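Engineer: Structure supplied as target35.cif; contents: mmCIF, N, CA and C atoms and all ligand atoms; chains and numbers go by the auth columns.
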```cif
data_upload
loop_
_atom_site.group_PDB
_atom_site.id
_atom_site.type_symbol
_atom_site.label_atom_id
_atom_site.label_comp_id
_atom_site.label_asym_id
_atom_site.label_seq_id
_atom_site.Cartn_x
_atom_site.Cartn_y
_atom_site.Cartn_z
_atom_site.B_iso_or_equiv
_atom_site.auth_seq_id
_atom_site.auth_asym_id
ATOM 1 N N MET A 1 -164.495 55.416 88.761 0.00 27 A
ATOM 2 C CA MET A 1 -165.353 56.384 88.088 0.00 27 A
ATOM 3 C C MET A 1 -166.832 56.072 88.304 0.00 27 A
ATOM 4 N N SER A 2 -167.117 54.839 88.223 0.00 28 A
ATOM 5 C CA SER A 2 -168.512 54.450 88.390 0.00 28 A
ATOM 6 C C SER A 2 -168.903 54.526 89.850 0.00 28 A
ATOM 7 N N LYS A 3 -170.092 55.000 90.086 0.00 29 A
ATOM 8 C CA LYS A 3 -170.588 55.081 91.456 0.00 29 A
ATOM 9 C C LYS A 3 -170.980 53.714 91.993 0.00 29 A
ATOM 10 N N THR A 4 -171.151 52.801 91.082 0.00 30 A
ATOM 11 C CA THR A 4 -171.672 51.520 91.512 0.00 30 A
ATOM 12 C C THR A 4 -170.581 50.488 91.760 0.00 30 A
ATOM 13 N N ALA A 5 -169.352 50.824 91.405 0.00 31 A
ATOM 14 C CA ALA A 5 -168.273 49.870 91.597 0.00 31 A
ATOM 15 C C ALA A 5 -168.005 49.650 93.084 0.00 31 A
ATOM 16 N N LYS A 6 -167.550 48.473 93.388 0.00 32 A
ATOM 17 C CA LYS A 6 -167.193 48.150 94.769 0.00 32 A
ATOM 18 C C LYS A 6 -165.789 47.571 94.801 0.00 32 A
ATOM 19 N N PRO A 7 -165.114 47.715 95.951 0.00 33 A
ATOM 20 C CA PRO A 7 -163.743 47.222 96.012 0.00 33 A
ATOM 21 C C PRO A 7 -163.656 45.709 96.104 0.00 33 A
ATOM 22 N N CYS A 8 -162.691 45.191 95.404 0.00 34 A
ATOM 23 C CA CYS A 8 -162.339 43.783 95.558 0.00 34 A
ATOM 24 C C CYS A 8 -161.816 43.592 96.973 0.00 34 A
ATOM 25 N N GLU A 9 -162.224 42.553 97.633 0.00 35 A
ATOM 26 C CA GLU A 9 -161.796 42.350 99.013 0.00 35 A
ATOM 27 C C GLU A 9 -160.378 41.801 99.111 0.00 35 A
ATOM 28 N N GLN A 10 -159.787 41.556 97.973 0.00 36 A
ATOM 29 C CA GLN A 10 -158.436 41.031 97.962 0.00 36 A
ATOM 30 C C GLN A 10 -157.425 42.116 97.604 0.00 36 A
ATOM 31 N N CYS A 11 -157.711 42.852 96.555 0.00 37 A
ATOM 32 C CA CYS A 11 -156.744 43.855 96.081 0.00 37 A
ATOM 33 C C CYS A 11 -157.279 45.283 96.163 0.00 37 A
ATOM 34 N N ASN A 12 -158.526 45.440 96.590 0.00 38 A
ATOM 35 C CA ASN A 12 -159.152 46.750 96.748 0.00 38 A
ATOM 36 C C ASN A 12 -159.352 47.546 95.467 0.00 38 A
ATOM 37 N N GLN A 13 -159.180 46.885 94.379 0.00 39 A
ATOM 38 C CA GLN A 13 -159.476 47.513 93.111 0.00 39 A
ATOM 39 C C GLN A 13 -160.993 47.717 92.993 0.00 39 A
ATOM 40 N N MET A 14 -161.400 48.869 92.477 0.00 40 A
ATOM 41 C CA MET A 14 -162.829 49.094 92.303 0.00 40 A
ATOM 42 C C MET A 14 -163.310 48.399 91.036 0.00 40 A
ATOM 43 N N VAL A 15 -164.272 47.544 91.220 0.00 41 A
ATOM 44 C CA VAL A 15 -164.744 46.772 90.072 0.00 41 A
ATOM 45 C C VAL A 15 -166.273 46.732 90.051 0.00 41 A
ATOM 46 N N GLU A 16 -166.779 46.483 88.900 0.00 42 A
ATOM 47 C CA GLU A 16 -168.234 46.396 88.766 0.00 42 A
ATOM 48 C C GLU A 16 -168.732 44.961 88.734 0.00 42 A
ATOM 49 N N ILE A 17 -167.784 44.074 88.631 0.00 43 A
ATOM 50 C CA ILE A 17 -168.160 42.662 88.715 0.00 43 A
ATOM 51 C C ILE A 17 -167.283 42.004 89.759 0.00 43 A
ATOM 52 N N ARG A 18 -167.911 41.355 90.698 0.00 44 A
ATOM 53 C CA ARG A 18 -167.136 40.621 91.692 0.00 44 A
ATOM 54 C C ARG A 18 -167.688 39.205 91.798 0.00 44 A
ATOM 55 N N TYR A 19 -166.774 38.312 92.080 0.00 45 A
ATOM 56 C CA TYR A 19 -167.168 36.926 92.262 0.00 45 A
ATOM 57 C C TYR A 19 -167.163 36.606 93.740 0.00 45 A
ATOM 58 N N ARG A 20 -168.187 35.915 94.148 0.00 46 A
ATOM 59 C CA ARG A 20 -168.287 35.527 95.542 0.00 46 A
ATOM 60 C C ARG A 20 -167.692 34.131 95.648 0.00 46 A
ATOM 61 N N ILE A 21 -166.576 34.066 96.345 0.00 47 A
ATOM 62 C CA ILE A 21 -165.875 32.784 96.409 0.00 47 A
ATOM 63 C C ILE A 21 -165.372 32.486 97.825 0.00 47 A
ATOM 64 N N GLN A 22 -165.193 31.220 98.069 0.00 48 A
ATOM 65 C CA GLN A 22 -164.428 30.768 99.223 0.00 48 A
ATOM 66 C C GLN A 22 -163.118 30.242 98.670 0.00 48 A
ATOM 67 N N TRP A 23 -162.051 30.576 99.306 0.00 49 A
ATOM 68 C CA TRP A 23 -160.778 30.078 98.768 0.00 49 A
ATOM 69 C C TRP A 23 -159.764 29.731 99.852 0.00 49 A
ATOM 70 N N ASP A 24 -160.127 29.954 101.126 0.00 50 A
ATOM 71 C CA ASP A 24 -159.182 29.566 102.172 0.00 50 A
ATOM 72 C C ASP A 24 -159.894 28.753 103.255 0.00 50 A
ATOM 73 N N GLU A 25 -159.151 28.360 104.248 0.00 51 A
ATOM 74 C CA GLU A 25 -159.703 27.455 105.239 0.00 51 A
ATOM 75 C C GLU A 25 -160.684 28.115 106.195 0.00 51 A
ATOM 76 N N SER A 26 -160.754 29.421 106.169 0.00 52 A
ATOM 77 C CA SER A 26 -161.709 30.109 107.044 0.00 52 A
ATOM 78 C C SER A 26 -163.138 29.898 106.570 0.00 52 A
ATOM 79 N N ARG A 27 -163.285 29.438 105.348 0.00 53 A
ATOM 80 C CA ARG A 27 -164.599 29.236 104.741 0.00 53 A
ATOM 81 C C ARG A 27 -165.418 30.512 104.708 0.00 53 A
ATOM 82 N N GLN A 28 -164.729 31.595 104.691 0.00 54 A
ATOM 83 C CA GLN A 28 -165.404 32.872 104.549 0.00 54 A
ATOM 84 C C GLN A 28 -165.725 33.118 103.088 0.00 54 A
ATOM 85 N N TRP A 29 -166.754 33.892 102.876 0.00 55 A
ATOM 86 C CA TRP A 29 -167.048 34.295 101.507 0.00 55 A
ATOM 87 C C TRP A 29 -166.351 35.617 101.235 0.00 55 A
ATOM 88 N N TYR A 30 -165.672 35.675 100.139 0.00 56 A
ATOM 89 C CA TYR A 30 -165.008 36.902 99.722 0.00 56 A
ATOM 90 C C TYR A 30 -165.590 37.346 98.395 0.00 56 A
ATOM 91 N N GLN A 31 -165.642 38.656 98.229 0.00 57 A
ATOM 92 C CA GLN A 31 -166.072 39.195 96.942 0.00 57 A
ATOM 93 C C GLN A 31 -164.848 39.764 96.261 0.00 57 A
ATOM 94 N N VAL A 32 -164.458 39.135 95.206 0.00 58 A
ATOM 95 C CA VAL A 32 -163.198 39.507 94.572 0.00 58 A
ATOM 96 C C VAL A 32 -163.384 39.842 93.095 0.00 58 A
ATOM 97 N N CYS A 33 -162.421 40.585 92.585 0.00 59 A
ATOM 98 C CA CYS A 33 -162.458 40.985 91.190 0.00 59 A
ATOM 99 C C CYS A 33 -162.096 39.788 90.295 0.00 59 A
ATOM 100 N N PRO A 34 -162.364 39.893 89.008 0.00 60 A
ATOM 101 C CA PRO A 34 -162.051 38.773 88.109 0.00 60 A
ATOM 102 C C PRO A 34 -160.579 38.360 88.134 0.00 60 A
ATOM 103 N N ASP A 35 -159.680 39.327 88.310 0.00 61 A
ATOM 104 C CA ASP A 35 -158.248 38.999 88.371 0.00 61 A
ATOM 105 C C ASP A 35 -157.941 38.093 89.557 0.00 61 A
ATOM 106 N N CYS A 36 -158.421 38.517 90.724 0.00 62 A
ATOM 107 C CA CYS A 36 -158.153 37.733 91.928 0.00 62 A
ATOM 108 C C CYS A 36 -158.872 36.402 91.872 0.00 62 A
ATOM 109 N N TRP A 37 -160.051 36.418 91.313 0.00 63 A
ATOM 110 C CA TRP A 37 -160.818 35.180 91.189 0.00 63 A
ATOM 111 C C TRP A 37 -159.999 34.134 90.444 0.00 63 A
ATOM 112 N N GLN A 38 -159.389 34.586 89.374 0.00 64 A
ATOM 113 C CA GLN A 38 -158.599 33.665 88.557 0.00 64 A
ATOM 114 C C GLN A 38 -157.407 33.124 89.347 0.00 64 A
ATOM 115 N N LYS A 39 -156.724 34.061 90.020 0.00 65 A
ATOM 116 C CA LYS A 39 -155.543 33.660 90.781 0.00 65 A
ATOM 117 C C LYS A 39 -155.906 32.727 91.927 0.00 65 A
ATOM 118 N N LEU A 40 -156.983 33.080 92.641 0.00 66 A
ATOM 119 C CA LEU A 40 -157.329 32.328 93.849 0.00 66 A
ATOM 120 C C LEU A 40 -157.956 30.974 93.555 0.00 66 A
ATOM 121 N N SER A 41 -158.583 30.889 92.403 0.00 67 A
ATOM 122 C CA SER A 41 -159.271 29.627 92.110 0.00 67 A
ATOM 123 C C SER A 41 -158.352 28.589 91.483 0.00 67 A
ATOM 124 N N GLU A 42 -157.253 29.073 90.939 0.00 68 A
ATOM 125 C CA GLU A 42 -156.337 28.191 90.230 0.00 68 A
ATOM 126 C C GLU A 42 -155.716 27.155 91.155 0.00 68 A
ATOM 127 N N ASN A 43 -155.846 25.929 90.807 0.00 69 A
ATOM 128 C CA ASN A 43 -155.262 24.824 91.584 0.00 69 A
ATOM 129 C C ASN A 43 -155.574 24.915 93.077 0.00 69 A
ATOM 130 N N ASN A 44 -156.775 25.348 93.375 0.00 70 A
ATOM 131 C CA ASN A 44 -157.124 25.528 94.774 0.00 70 A
ATOM 132 C C ASN A 44 -158.273 24.591 95.147 0.00 70 A
ATOM 133 N N PRO A 45 -157.971 23.566 95.918 0.00 71 A
ATOM 134 C CA PRO A 45 -159.018 22.613 96.301 0.00 71 A
ATOM 135 C C PRO A 45 -160.047 23.220 97.246 0.00 71 A
ATOM 136 N N LEU A 46 -159.696 24.330 97.878 0.00 72 A
ATOM 137 C CA LEU A 46 -160.623 24.975 98.807 0.00 72 A
ATOM 138 C C LEU A 46 -161.555 25.950 98.107 0.00 72 A
ATOM 139 N N TYR A 47 -161.275 26.187 96.869 0.00 73 A
ATOM 140 C CA TYR A 47 -162.045 27.161 96.113 0.00 73 A
ATOM 141 C C TYR A 47 -163.489 26.713 95.937 0.00 73 A
ATOM 142 N N ARG A 48 -164.388 27.634 96.190 0.00 74 A
ATOM 143 C CA ARG A 48 -165.808 27.390 95.971 0.00 74 A
ATOM 144 C C ARG A 48 -166.448 28.644 95.405 0.00 74 A
ATOM 145 N N TYR A 49 -167.254 28.455 94.427 0.00 75 A
ATOM 146 C CA TYR A 49 -167.892 29.582 93.768 0.00 75 A
ATOM 147 C C TYR A 49 -169.294 29.791 94.329 0.00 75 A
ATOM 148 N N GLY A 50 -169.617 31.030 94.650 0.00 76 A
ATOM 149 C CA GLY A 50 -170.929 31.275 95.258 0.00 76 A
ATOM 150 C C GLY A 50 -171.783 32.303 94.560 0.00 76 A
ATOM 151 N N GLY A 51 -171.364 32.697 93.376 0.00 77 A
ATOM 152 C CA GLY A 51 -172.209 33.637 92.654 0.00 77 A
ATOM 153 C C GLY A 51 -171.432 34.825 92.139 0.00 77 A
ATOM 154 N N THR A 52 -172.090 35.608 91.360 0.00 78 A
ATOM 155 C CA THR A 52 -171.471 36.776 90.764 0.00 78 A
ATOM 156 C C THR A 52 -172.257 38.021 91.150 0.00 78 A
ATOM 157 N N TRP A 53 -171.544 39.022 91.573 0.00 79 A
ATOM 158 C CA TRP A 53 -172.182 40.297 91.879 0.00 79 A
ATOM 159 C C TRP A 53 -171.900 41.269 90.751 0.00 79 A
ATOM 160 N N LYS A 54 -172.936 41.884 90.267 0.00 80 A
ATOM 161 C CA LYS A 54 -172.749 42.884 89.220 0.00 80 A
ATOM 162 C C LYS A 54 -173.382 44.184 89.651 0.00 80 A
ATOM 163 N N ALA A 55 -172.685 45.261 89.371 0.00 81 A
ATOM 164 C CA ALA A 55 -173.268 46.573 89.633 0.00 81 A
ATOM 165 C C ALA A 55 -174.532 46.713 88.821 0.00 81 A
ATOM 166 N N LYS A 56 -175.529 47.216 89.477 0.00 82 A
ATOM 167 C CA LYS A 56 -176.790 47.370 88.764 0.00 82 A
ATOM 168 C C LYS A 56 -176.740 48.595 87.881 0.00 82 A
ATOM 169 N N LYS A 57 -176.888 48.359 86.651 0.00 83 A
ATOM 170 C CA LYS A 57 -176.940 49.470 85.712 0.00 83 A
ATOM 171 C C LYS A 57 -178.388 49.899 85.576 0.00 83 A
ATOM 172 N N ARG A 58 -178.555 51.179 85.493 0.00 84 A
ATOM 173 C CA ARG A 58 -179.921 51.654 85.349 0.00 84 A
ATOM 174 C C ARG A 58 -180.375 51.492 83.913 0.00 84 A
ATOM 175 N N ARG A 59 -181.141 50.488 83.741 0.00 85 A
ATOM 176 C CA ARG A 59 -181.739 50.328 82.427 0.00 85 A
ATOM 177 C C ARG A 59 -183.139 50.897 82.495 0.00 85 A
ATOM 178 N N ASN A 60 -183.724 51.069 81.396 0.00 86 A
ATOM 179 C CA ASN A 60 -185.119 51.469 81.394 0.00 86 A
ATOM 180 C C ASN A 60 -185.938 50.311 81.921 0.00 86 A
ATOM 181 N N ALA A 61 -186.299 50.474 83.156 0.00 87 A
ATOM 182 C CA ALA A 61 -187.036 49.391 83.786 0.00 87 A
ATOM 183 C C ALA A 61 -188.483 49.407 83.334 0.00 87 A
ATOM 184 N N LYS A 62 -188.592 49.159 82.109 0.00 88 A
ATOM 185 C CA LYS A 62 -189.936 49.155 81.519 0.00 88 A
ATOM 186 C C LYS A 62 -190.608 47.836 81.791 0.00 88 A
ATOM 187 N N LEU A 63 -191.804 47.935 82.161 0.00 89 A
ATOM 188 C CA LEU A 63 -192.600 46.724 82.294 0.00 89 A
ATOM 189 C C LEU A 63 -193.202 46.453 80.918 0.00 89 A
ATOM 190 N N THR A 64 -192.794 45.376 80.381 0.00 90 A
ATOM 191 C CA THR A 64 -193.309 45.076 79.061 0.00 90 A
ATOM 192 C C THR A 64 -194.631 44.329 79.170 0.00 90 A
ATOM 193 N N ILE A 65 -195.612 44.985 78.751 0.00 91 A
ATOM 194 C CA ILE A 65 -196.926 44.334 78.801 0.00 91 A
ATOM 195 C C ILE A 65 -197.416 44.146 77.373 0.00 91 A
ATOM 196 N N ASN A 66 -197.600 42.935 77.069 0.00 92 A
ATOM 197 C CA ASN A 66 -198.114 42.641 75.738 0.00 92 A
ATOM 198 C C ASN A 66 -199.619 42.518 75.784 0.00 92 A
ATOM 199 N N ASN A 67 -200.230 43.456 75.175 0.00 93 A
ATOM 200 C CA ASN A 67 -201.684 43.381 75.108 0.00 93 A
ATOM 201 C C ASN A 67 -202.112 42.562 73.919 0.00 93 A
ATOM 202 N N GLU A 68 -201.947 41.322 74.115 0.00 94 A
ATOM 203 C CA GLU A 68 -202.345 40.439 73.021 0.00 94 A
ATOM 204 C C GLU A 68 -203.816 40.129 73.115 0.00 94 A
ATOM 205 N N GLN A 69 -204.430 40.227 72.007 0.00 95 A
ATOM 206 C CA GLN A 69 -205.873 39.938 72.020 0.00 95 A
ATOM 207 C C GLN A 69 -206.261 38.955 70.963 0.00 95 A
HETATM 208 ZN ZN ZN B . -158.879 41.828 93.236 0.00 101 A
#
```
Mind turning this structure into structure tokens?
Ligand SMILES: [Zn+2]
Structural biologist:
Amino acid sequence: MSKTAKPCEQCNQMVEIRYRIQWDESRQWYQVCPDCWQKLSENNPLYRYGGTWKAKKRRNAKLTINNEQ
């Protein structure tokens, strides 16, 4: 439903949060959904965490300027 979701590279589920991990001997980085992340990281000596990708939600990108005097 969300335009910002991206597919998990493991199960192709559309997700808004993906984890960037290495989990096999190819040492490739994969972006996977939280479900796959859990499965792939469990008891996996090759597992490496490389960050979290989140869909950017449009917030009010207000620049907060405090005019303190
Ligand atoms: Zn997945």
Engineer: What does the distance from CA of Leu72 in chain A to CA of Arg53 in chain A come to in Å, to one decimal?
Structural biologist: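 Computing it gives 8.3 Å between the two atoms.
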Engineer: Report as a ChimeraX atom specification the full result of the PyMOL selection byres (((chain A and resi 31 and name CA) around 8) and not hetatm and name CA) when it is applied to this structure.
Structural biologist: /A:27-30,32-33,40-43,81
Engineer: Taking only C-alpha atoms and all ligand atoms into account, report as a list of chain:residue names which residues have an atom no farther than 8 Å from an atom of ligand ZN 101 (chain A).
Structural biologist: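 The residues within 8 Å of ligand ZN 101 (chain A), counting only C-alpha atoms and all ligand atoms, are A:Pro33, A:Cys34, A:Glu35, A:Gln36, A:Cys37, A:Asn38, A:Gln39, A:Val58, A:Cys59, A:Pro60, A:Asp61, A:Cys62, A:Trp63.
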Engineer: For CA of Thr78 in chain A and CA of Ser52 in chain A, quote the distance in Å rounded to one decimal.
Structural biologist: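 One can read the CA of Thr78 in chain A to CA of Ser52 in chain A distance as 20.1 Å.
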Engineer: Using all atoms listed in the file for the distances, tell me which of A:Asn70, A:Gln64, A:Lys82, A:Tyr75 is nearest to Gln48 in chain A.
Structural biologist: A:Tyr75
Engineer: Would you work out the distance separating CA of Gln57 in chain A from CA of Asn69 in chain A, expressed in Å to one decimal?
Structural biologist: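 It comes out at 18.8 Å.
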